[in-house]
$ cat protein18.cif   # mmCIF, C-alpha atoms and all ligand atoms
data_run
loop_
_atom_site.label_atom_id
_atom_site.label_comp_id
_atom_site.auth_asym_id
_atom_site.auth_seq_id
_atom_site.Cartn_x
_atom_site.Cartn_y
_atom_site.Cartn_z
CA MET A 1 -23.30 40.49 32.45
CA ASN A 2 -20.03 39.31 30.89
CA ARG A 3 -16.89 41.43 30.71
CA VAL A 4 -17.25 42.36 27.02
CA ALA A 5 -20.55 43.92 27.94
CA ARG A 6 -19.02 45.67 30.96
CA MET A 7 -16.12 47.09 28.94
CA THR A 8 -18.24 48.21 26.01
CA LYS A 9 -21.82 48.52 27.31
CA ALA A 10 -22.69 46.11 24.49
CA PRO A 11 -25.37 43.42 24.85
CA VAL A 12 -24.13 40.04 26.10
CA VAL A 13 -23.16 37.85 23.14
CA GLY A 14 -22.55 34.12 22.71
CA ARG A 15 -19.03 33.01 23.49
CA PRO A 16 -16.95 31.91 20.49
CA THR A 17 -14.61 28.95 21.10
CA ARG A 18 -12.41 29.18 18.01
CA PHE A 19 -11.71 31.51 15.10
CA LEU A 20 -10.79 29.51 12.03
CA SER A 21 -12.93 31.73 9.81
CA VAL A 22 -14.94 34.94 10.00
CA LEU A 23 -17.91 32.58 9.64
CA ASP A 24 -17.20 31.24 13.16
CA PHE A 25 -18.64 34.59 14.31
CA ASP A 26 -22.20 35.73 13.91
CA HIS A 27 -23.14 39.37 13.35
CA ALA A 28 -23.44 40.15 17.07
CA GLN A 29 -20.08 38.55 17.89
CA LEU A 30 -18.35 40.43 15.09
CA GLU A 31 -19.78 43.76 16.27
CA ALA A 32 -18.89 42.91 19.89
CA CYS A 33 -15.32 42.09 18.86
CA LEU A 34 -14.98 45.47 17.13
CA ASP A 35 -16.53 47.25 20.15
CA LEU A 36 -14.10 45.53 22.48
CA ALA A 37 -11.18 46.37 20.15
CA GLU A 38 -12.16 50.04 20.32
CA ALA A 39 -12.19 49.83 24.12
CA PHE A 40 -8.73 48.21 24.17
CA LYS A 41 -7.42 50.81 21.69
CA ALA A 42 -8.70 53.70 23.83
CA ALA A 43 -7.27 52.16 27.01
CA ARG A 44 -3.85 51.69 25.37
CA ALA A 45 -3.81 55.26 24.04
CA ALA A 46 -4.62 56.57 27.53
CA ARG A 47 -2.14 54.13 29.15
CA ARG A 48 -5.06 52.90 31.22
CA ALA A 49 -5.02 49.42 32.80
CA HIS A 50 -7.48 46.96 31.28
CA GLU A 51 -8.60 43.34 31.66
CA ARG A 52 -5.76 40.76 31.61
CA PRO A 53 -7.71 37.57 30.89
CA LEU A 54 -4.62 35.59 29.79
CA GLU A 55 -2.90 35.94 33.19
CA GLY A 56 -1.42 32.52 33.99
CA HIS A 57 -2.01 31.20 30.45
CA HIS A 58 0.37 30.33 27.63
CA VAL A 59 -0.47 30.77 23.95
CA ALA A 60 1.57 29.06 21.19
CA LEU A 61 2.35 30.65 17.84
CA LEU A 62 2.82 28.03 15.11
CA PHE A 63 3.75 29.77 11.86
CA GLU A 64 4.63 27.82 8.70
CA LYS A 65 4.90 30.98 6.56
CA PRO A 66 6.69 34.30 7.11
CA SER A 67 4.99 37.17 8.97
CA LEU A 68 5.78 40.64 10.25
CA ARG A 69 2.41 42.08 11.27
CA THR A 70 0.52 39.01 12.45
CA ARG A 71 3.33 37.54 14.52
CA SER A 72 4.31 40.86 16.13
CA THR A 73 0.76 41.93 16.95
CA PHE A 74 -0.20 38.57 18.42
CA MET A 75 2.91 38.59 20.63
CA ILE A 76 2.14 42.08 21.90
CA ALA A 77 -1.57 41.27 22.32
CA ILE A 78 -0.90 38.12 24.34
CA ARG A 79 1.60 39.90 26.60
CA GLU A 80 -0.64 42.94 27.15
CA LEU A 81 -3.47 40.57 28.12
CA GLY A 82 -1.19 39.08 30.79
CA GLY A 83 -0.27 35.86 28.95
CA ASP A 84 2.97 34.22 27.89
CA VAL A 85 3.95 33.22 24.35
CA ILE A 86 5.78 30.10 23.18
CA GLU A 87 7.03 29.71 19.62
CA PRO A 88 7.94 26.11 18.84
CA PRO A 89 9.78 26.00 15.50
CA ALA A 90 7.32 25.36 12.67
CA ASP A 91 9.51 22.74 11.02
CA VAL A 92 9.42 20.70 14.23
CA VAL A 93 5.75 21.18 14.96
CA LEU A 94 3.96 20.96 11.62
CA GLY A 95 6.74 19.55 9.47
CA GLY A 96 5.73 15.88 9.46
CA ARG A 97 7.64 14.49 12.47
CA GLU A 98 4.26 13.38 13.80
CA THR A 99 0.65 13.83 12.78
CA ILE A 100 -1.05 17.21 13.13
CA ALA A 101 -3.58 15.58 15.46
CA ASP A 102 -0.82 14.35 17.77
CA VAL A 103 0.80 17.79 17.82
CA ALA A 104 -2.58 19.29 18.78
CA ARG A 105 -3.11 16.72 21.56
CA ASN A 106 0.33 17.61 22.99
CA MET A 107 -0.29 21.34 22.83
CA GLU A 108 -3.66 20.91 24.55
CA ARG A 109 -1.85 19.67 27.68
CA TRP A 110 0.38 22.77 27.90
CA VAL A 111 -1.26 25.88 26.50
CA SER A 112 -4.70 27.50 26.39
CA GLY A 113 -4.59 28.74 22.82
CA VAL A 114 -2.78 28.23 19.54
CA VAL A 115 -2.41 30.78 16.75
CA ILE A 116 -1.62 29.02 13.47
CA ARG A 117 -0.40 30.26 10.08
CA THR A 118 -0.32 27.37 7.63
CA PHE A 119 -1.12 26.27 4.08
CA ALA A 120 -4.42 24.43 3.50
CA GLN A 121 -7.37 25.38 5.73
CA THR A 122 -7.91 21.62 6.20
CA ARG A 123 -4.63 21.44 8.20
CA LEU A 124 -5.98 24.06 10.59
CA GLU A 125 -9.32 22.27 10.84
CA ALA A 126 -7.58 18.93 11.55
CA PHE A 127 -5.60 20.59 14.35
CA ALA A 128 -8.69 22.17 15.91
CA ALA A 129 -10.74 18.98 15.64
CA ALA A 130 -8.09 16.95 17.49
CA ALA A 131 -7.92 19.33 20.46
CA PRO A 132 -11.39 20.64 21.28
CA ARG A 133 -10.25 22.27 24.55
CA LEU A 134 -7.75 24.52 22.73
CA LYS A 135 -8.75 27.97 21.49
CA VAL A 136 -7.47 27.87 17.91
CA VAL A 137 -7.01 31.02 15.81
CA ASN A 138 -6.38 31.23 12.07
CA ALA A 139 -3.40 33.54 11.48
CA LEU A 140 -3.71 33.00 7.67
CA THR A 141 -4.22 29.96 5.51
CA ASN A 142 -4.22 29.62 1.74
CA GLU A 143 -7.98 30.14 1.82
CA GLU A 144 -8.73 32.66 4.60
CA HIS A 145 -7.21 35.49 6.66
CA PRO A 146 -9.93 36.30 9.20
CA CYS A 147 -7.76 38.31 11.64
CA GLN A 148 -6.93 40.70 8.80
CA ALA A 149 -10.64 41.20 8.14
CA LEU A 150 -11.26 42.18 11.78
CA ALA A 151 -8.66 44.95 11.53
CA ASP A 152 -10.00 46.06 8.14
CA CYS A 153 -13.55 46.36 9.47
CA LEU A 154 -12.41 48.28 12.55
CA THR A 155 -10.50 50.68 10.28
CA LEU A 156 -13.57 51.27 8.12
CA ARG A 157 -15.86 51.65 11.13
CA GLU A 158 -13.50 54.31 12.53
CA LYS A 159 -13.64 56.20 9.23
CA TRP A 160 -17.32 55.81 8.44
CA GLY A 161 -19.09 55.02 11.73
CA SER A 162 -20.68 51.96 10.09
CA LEU A 163 -20.05 49.76 7.04
CA ARG A 164 -23.77 49.43 6.38
CA GLY A 165 -24.66 50.49 2.82
CA ARG A 166 -21.04 51.34 1.90
CA THR A 167 -19.36 49.87 -1.20
CA ILE A 168 -15.98 48.18 -0.81
CA THR A 169 -14.17 46.89 -3.89
CA PHE A 170 -11.39 44.33 -3.69
CA VAL A 171 -9.28 44.39 -6.87
CA GLY A 172 -6.82 41.63 -7.83
CA ASP A 173 -6.67 37.97 -6.85
CA GLY A 174 -9.78 36.38 -5.31
CA ASN A 175 -7.58 35.12 -2.49
CA ASN A 176 -7.56 34.55 1.29
CA VAL A 177 -7.72 38.28 2.10
CA ALA A 178 -10.55 38.88 -0.39
CA THR A 179 -12.49 35.94 1.04
CA SER A 180 -12.31 37.01 4.69
CA LEU A 181 -13.01 40.65 3.84
CA ALA A 182 -16.08 39.68 1.80
CA GLN A 183 -17.38 37.53 4.67
CA ALA A 184 -16.90 40.24 7.31
CA ALA A 185 -18.01 43.23 5.22
CA VAL A 186 -21.20 41.54 4.02
CA MET A 187 -21.94 40.34 7.57
CA LEU A 188 -21.78 44.02 8.60
CA GLY A 189 -24.14 45.14 5.82
CA ALA A 190 -21.70 46.45 3.20
CA HIS A 191 -21.88 46.04 -0.57
CA MET A 192 -18.79 44.06 -1.46
CA ARG A 193 -17.46 43.89 -5.00
CA VAL A 194 -14.58 41.65 -6.04
CA ALA A 195 -12.90 42.45 -9.37
CA THR A 196 -10.48 39.77 -10.58
CA PRO A 197 -9.08 38.49 -13.87
CA GLU A 198 -10.97 35.51 -15.27
CA GLY A 199 -9.83 32.33 -13.58
CA PHE A 200 -8.95 34.13 -10.30
CA GLU A 201 -12.49 34.78 -9.00
CA LEU A 202 -13.59 34.16 -5.43
CA PRO A 203 -14.28 30.42 -5.19
CA MET A 204 -17.93 29.49 -5.81
CA GLN A 205 -18.37 27.97 -2.32
CA VAL A 206 -17.12 31.23 -0.78
CA ARG A 207 -19.67 33.21 -2.79
CA SER A 208 -22.51 30.87 -1.76
CA ALA A 209 -21.55 31.08 1.92
CA VAL A 210 -21.30 34.89 1.78
CA ASN A 211 -24.72 35.12 0.12
CA ARG A 212 -26.17 33.02 2.96
CA ILE A 213 -25.02 35.57 5.60
CA ALA A 214 -26.23 38.66 3.76
CA GLY A 215 -28.87 39.30 6.43
CA PHE A 216 -28.12 42.94 7.23
CA GLY A 217 -28.50 44.38 3.73
CA GLY A 218 -25.00 43.40 2.56
CA THR A 219 -24.43 42.13 -0.97
CA LEU A 220 -21.61 40.49 -2.92
CA THR A 221 -20.96 40.98 -6.63
CA VAL A 222 -18.07 39.77 -8.75
CA THR A 223 -16.74 41.15 -12.01
CA THR A 224 -13.76 40.73 -14.30
CA ASP A 225 -13.77 44.45 -15.18
CA PRO A 226 -11.65 46.54 -12.76
CA VAL A 227 -13.16 49.86 -13.89
CA GLU A 228 -16.71 48.61 -13.42
CA GLY A 229 -15.70 47.10 -10.06
CA VAL A 230 -14.21 50.31 -8.70
CA GLY A 231 -16.89 52.66 -10.12
CA GLY A 232 -18.24 54.84 -7.27
CA ALA A 233 -16.72 52.64 -4.53
CA ASP A 234 -16.16 54.05 -1.02
CA ALA A 235 -13.01 51.95 -0.51
CA VAL A 236 -10.63 50.20 -2.88
CA TYR A 237 -8.63 47.26 -1.49
CA THR A 238 -5.86 45.27 -3.11
CA ASP A 239 -3.31 42.60 -2.15
CA VAL A 240 -0.31 40.92 -3.76
CA TRP A 241 -0.98 39.13 -7.04
CA ALA A 242 0.95 36.00 -5.98
CA SER A 243 0.44 34.92 -2.37
CA MET A 244 2.89 33.02 -0.19
CA GLY A 245 3.30 29.59 -1.74
CA GLN A 246 2.55 30.87 -5.28
CA GLU A 247 5.96 32.48 -5.89
CA ALA A 248 6.58 30.31 -8.98
CA GLU A 249 3.57 31.96 -10.68
CA THR A 250 4.77 35.53 -10.02
CA ASP A 251 5.86 36.38 -13.56
CA ALA A 252 2.87 34.82 -15.32
CA ARG A 253 0.50 36.59 -12.95
CA LYS A 254 2.15 40.00 -13.54
CA THR A 255 0.95 39.97 -17.15
CA MET A 256 -2.56 38.78 -16.36
CA PHE A 257 -3.08 41.15 -13.42
CA ALA A 258 -1.58 44.32 -14.98
CA PRO A 259 -5.01 45.86 -15.81
CA PHE A 260 -5.92 45.42 -12.12
CA GLN A 261 -3.13 47.65 -10.79
CA VAL A 262 -4.50 50.27 -8.37
CA ASN A 263 -3.05 53.51 -9.75
CA PRO A 264 -4.36 57.09 -9.81
CA ALA A 265 -6.38 56.39 -13.00
CA LEU A 266 -8.22 53.46 -11.38
CA MET A 267 -8.70 55.33 -8.08
CA ALA A 268 -10.26 58.18 -10.09
CA GLN A 269 -13.16 55.82 -10.91
CA ALA A 270 -14.01 55.46 -7.20
CA SER A 271 -15.97 57.95 -5.10
CA LYS A 272 -14.10 61.21 -4.51
CA ASP A 273 -13.42 60.42 -0.83
CA ALA A 274 -12.59 56.76 -1.45
CA LEU A 275 -10.14 55.10 0.91
CA PHE A 276 -7.27 52.89 -0.27
CA MET A 277 -6.60 49.68 1.66
CA HIS A 278 -3.97 46.92 1.57
CA CYS A 279 -3.22 44.20 4.11
CA LEU A 280 0.55 44.56 3.47
CA PRO A 281 3.20 43.57 2.56
CA ALA A 282 2.73 45.58 -0.66
CA HIS A 283 4.62 45.01 -3.89
CA ARG A 284 4.86 48.65 -4.92
CA GLY A 285 4.73 49.08 -8.68
CA ASP A 286 2.76 45.84 -9.13
CA GLU A 287 -0.67 45.76 -7.51
CA VAL A 288 -0.40 49.39 -6.28
CA THR A 289 1.65 52.43 -7.22
CA ASP A 290 3.52 54.65 -4.77
CA GLU A 291 1.20 57.60 -5.56
CA VAL A 292 -1.80 55.63 -4.28
CA ILE A 293 -0.35 53.81 -1.27
CA ASP A 294 1.38 56.99 -0.06
CA SER A 295 -1.63 59.25 -0.73
CA PRO A 296 -3.89 60.78 1.95
CA ALA A 297 -6.57 58.24 0.89
CA SER A 298 -4.40 55.38 2.12
CA VAL A 299 -5.27 53.80 5.49
CA VAL A 300 -2.83 50.88 5.28
CA PHE A 301 -1.00 51.71 8.52
CA ASP A 302 -4.29 52.19 10.38
CA GLN A 303 -5.14 48.66 9.24
CA SER A 304 -1.77 47.47 10.50
CA GLU A 305 -2.20 49.17 13.89
CA ASN A 306 -5.70 47.77 14.23
CA ARG A 307 -4.37 44.22 13.89
CA LEU A 308 -3.18 44.64 17.48
CA HIS A 309 -6.40 45.98 18.97
CA THR A 310 -8.71 43.55 17.17
CA GLN A 311 -6.56 40.53 18.03
CA LYS A 312 -6.56 41.58 21.69
CA ALA A 313 -10.35 41.68 21.51
CA LEU A 314 -10.48 38.32 19.78
CA LEU A 315 -8.20 36.64 22.32
CA ALA A 316 -10.14 38.19 25.20
CA MET A 317 -13.43 36.93 23.77
CA LEU A 318 -12.00 33.44 23.26
CA ALA A 319 -10.74 33.54 26.87
CA GLY A 320 -14.28 34.25 27.98
CA VAL A 321 -14.15 37.95 28.71
N1 LIG A 401 -1.06 41.42 6.71
C1 LIG A 401 -0.34 40.42 7.25
O1 LIG A 401 -0.89 39.37 7.65
O2 LIG A 401 0.98 40.65 7.34
P1 LIG A 401 2.11 39.59 7.74
O3 LIG A 401 2.14 38.55 6.65
O4 LIG A 401 3.38 40.38 7.84
O5 LIG A 401 1.72 38.96 9.05
N1 LIG A 402 -2.56 37.01 0.20
C1 LIG A 402 -1.33 37.20 0.91
C2 LIG A 402 -1.57 37.90 2.20
C3 LIG A 402 -0.38 38.20 3.03
C4 LIG A 402 -0.71 38.87 4.32
C5 LIG A 402 -0.66 35.86 1.15
O1 LIG A 402 -1.36 34.89 1.47
O2 LIG A 402 0.56 35.77 0.97
#
$ encode --input "protein18.cif" --output "structure tokens" --more "lines below"
Ligand code: CP
Ligand code: NVA
Amino acid sequence: MNRVARMTKAPVVGRPTRFLSVLDFDHAQLEACLDLAEAFKAARAARRAHERPLEGHHVALLFEKPSLRTRSTFMIAIRELGGDVIEPPADVVLGGRETIADVARNMERWVSGVVIRTFAQTRLEAFAAAAPRLKVVNALTNEEHPCQALADCLTLREKWGSLRGRTITFVGDGNNVATSLAQAAVMLGAHMRVATPEGFELPMQVRSAVNRIAGFGGTLTVTTDPVEGVGGADAVYTDVWASMGQEAETDARKTMFAPFQVNPALMAQASKDALFMHCLPAHRGDEVTDEVIDSPASVVFDQSENRLHTQKALLAMLAGV
């Protein structure tokens, strides 16, 4: 029996070697990761000692974009698992002094894992391909944010017991956060709706891939009507209208996305106990109003806390726990 199973009484699952996308996990691995995160969360709350699988290992954080939550929670997670963090400056590491593949081959000689926040997903894939011994984790790319989706699913599981059969609506830009959430929620059997303005839909290849993993009763639908999208939903999720790297489009997007603002009128279309979710940082007054993000329905700081517990579970699984 492996240590995930011992800590959680879960069945033994296959061992993931990297996490570039939610789709690197299968259903059993995703459930096992959430089970293990719950075990780590309970141990931390009780100040109980737990597994330290990173003892004697270094993990590098390579971030090409700003971060509060992801950087902080990975640093805490690595340290609480017994490991050490190094943070080579992003401009030196990924800034073109040498090829990404050469950077990866260097890192492979020093550290056990690398957590990367970068632009195109292809940069992350090139890094991982060049250093197969390294455990590589996606800490956000233009296309995906899989670590966020782990925390989101743990938050929903805590509230509902299971995501199966629940309806989750993402409202706004069909972006990295929407993509990873759709992948994870559908893998866990939820009905995922994504409501975006025309021209900002989830990419077609994302929709096809999500439909291929809809094995546990989950479904994905897209709409350009926010009211139809939110109608009767059990959770309403939004994110910034212009992501990091799209700052020049901020003003143009404000006009196009205005009907997609999550305000009390839009929340009133959802089910009466609907939760409000946001990955943060939030642009209050744009994609969400203060009344909604500060309301009792809002679970945004649970999501933020759960980044820590789910990333501990992820790192432990990658380390072979
Ligand atoms: N949600 C999230 O990834 O936050 P940061 O950009 O602060 O890491
Ligand atoms: N979609 C946002 C998420 C930030 C956590 C971005 O990529 O900037």
$ axis_aligned_box --input "protein18.cif" --around "ligand LIG 402 (chain A)" --padding-each-side "5 Å" --output "lines of an AutoDock Vina configuration file"
center_x = -1.0
center_y = 36.9
center_z = 2.3
size_x = 13.1
size_y = 14.0
size_z = 14.1
$ residues_near_point --input "protein18.cif" --point "(1.2, 54.6, -1.9)" --cutoff "12 Å" --atoms "all atoms listed in the file" --output "PyMOL selection string"
chain A and resi 238+262-264+267+275-278+280+282-301
$ closest_residue --input "protein18.cif" --among "A:His191, A:His57, A:Lys159, A:Arg79" --to "Asp273 in chain A" --atoms "all atoms listed in the file"
A:Lys159
$ atom_distance --input "protein18.cif" --atom1 "CA of Leu20 in chain A" --atom2 "CA of Leu220 in chain A"
21.5 Å
$ residues_around --input "protein18.cif" --residues "Leu62 in chain A" --least-positions-apart "5" --cutoff "7 Å" --atoms "all atoms listed in the file" --output "list in words"
Glu87, Pro88, Ala90, Val115, Ile116 and Arg117 of chain A
$ residues_near_ligand --input "protein18.cif" --ligand "ligand LIG 402 (chain A)" --cutoff "10 Å" --atoms "all atoms listed in the file" --output "mmCIF file with C-alpha atoms, keeping the file's coordinate frame"
data_model
loop_
_atom_site.group_PDB
_atom_site.id
_atom_site.type_symbol
_atom_site.label_atom_id
_atom_site.label_comp_id
_atom_site.auth_asym_id
_atom_site.auth_seq_id
_atom_site.Cartn_x
_atom_site.Cartn_y
_atom_site.Cartn_z
ATOM 1 C CA LYS A 65 4.900 30.980 6.560
ATOM 2 C CA PRO A 66 6.690 34.300 7.110
ATOM 3 C CA SER A 67 4.990 37.170 8.970
ATOM 4 C CA LEU A 68 5.780 40.640 10.250
ATOM 5 C CA ARG A 69 2.410 42.080 11.270
ATOM 6 C CA THR A 70 0.520 39.010 12.450
ATOM 7 C CA ARG A 117 -0.400 30.260 10.080
ATOM 8 C CA THR A 118 -0.320 27.370 7.630
ATOM 9 C CA PHE A 119 -1.120 26.270 4.080
ATOM 10 C CA ALA A 139 -3.400 33.540 11.480
ATOM 11 C CA LEU A 140 -3.710 33.000 7.670
ATOM 12 C CA THR A 141 -4.220 29.960 5.510
ATOM 13 C CA ASN A 142 -4.220 29.620 1.740
ATOM 14 C CA GLU A 143 -7.980 30.140 1.820
ATOM 15 C CA GLU A 144 -8.730 32.660 4.600
ATOM 16 C CA HIS A 145 -7.210 35.490 6.660
ATOM 17 C CA GLN A 148 -6.930 40.700 8.800
ATOM 18 C CA ASP A 173 -6.670 37.970 -6.850
ATOM 19 C CA GLY A 174 -9.780 36.380 -5.310
ATOM 20 C CA ASN A 175 -7.580 35.120 -2.490
ATOM 21 C CA ASN A 176 -7.560 34.550 1.290
ATOM 22 C CA VAL A 177 -7.720 38.280 2.100
ATOM 23 C CA ALA A 178 -10.550 38.880 -0.390
ATOM 24 C CA THR A 238 -5.860 45.270 -3.110
ATOM 25 C CA ASP A 239 -3.310 42.600 -2.150
ATOM 26 C CA VAL A 240 -0.310 40.920 -3.760
ATOM 27 C CA TRP A 241 -0.980 39.130 -7.040
ATOM 28 C CA ALA A 242 0.950 36.000 -5.980
ATOM 29 C CA SER A 243 0.440 34.920 -2.370
ATOM 30 C CA MET A 244 2.890 33.020 -0.190
ATOM 31 C CA GLY A 245 3.300 29.590 -1.740
ATOM 32 C CA GLN A 246 2.550 30.870 -5.280
ATOM 33 C CA GLU A 247 5.960 32.480 -5.890
ATOM 34 C CA HIS A 278 -3.970 46.920 1.570
ATOM 35 C CA CYS A 279 -3.220 44.200 4.110
ATOM 36 C CA LEU A 280 0.550 44.560 3.470
ATOM 37 C CA PRO A 281 3.200 43.570 2.560
ATOM 38 C CA ALA A 282 2.730 45.580 -0.660
#
$ closest_residue --input "protein18.cif" --among "A:Ser21, A:Ile213, A:Thr155, A:Asn106" --to "Gln121 in chain A" --atoms "all atoms listed in the file"
A:Ser21
$ closest_residue --input "protein18.cif" --among "A:Ala209, A:Ala39, A:Val236, A:Val194" --to "Thr223 in chain A" --atoms "only C-alpha atoms"
A:Val194
$ closest_residue --input "protein18.cif" --among "A:Lys272, A:Arg18, A:Arg52, A:Arg193" --to "Gly113 in chain A" --atoms "only C-alpha atoms"
A:Arg18
$ residues_near_point --input "protein18.cif" --point "(-13.7, 20.3, 16.4)" --cutoff "12 Å" --atoms "all atoms listed in the file" --output "list in words"
Thr17, Arg18, Phe19, Leu20, Asp24, Ala101, Ala104, Thr122, Leu124, Glu125, Ala126, Phe127, Ala128, Ala129, Ala130, Ala131, Pro132, Arg133, Leu134, Lys135 and Val136 of chain A
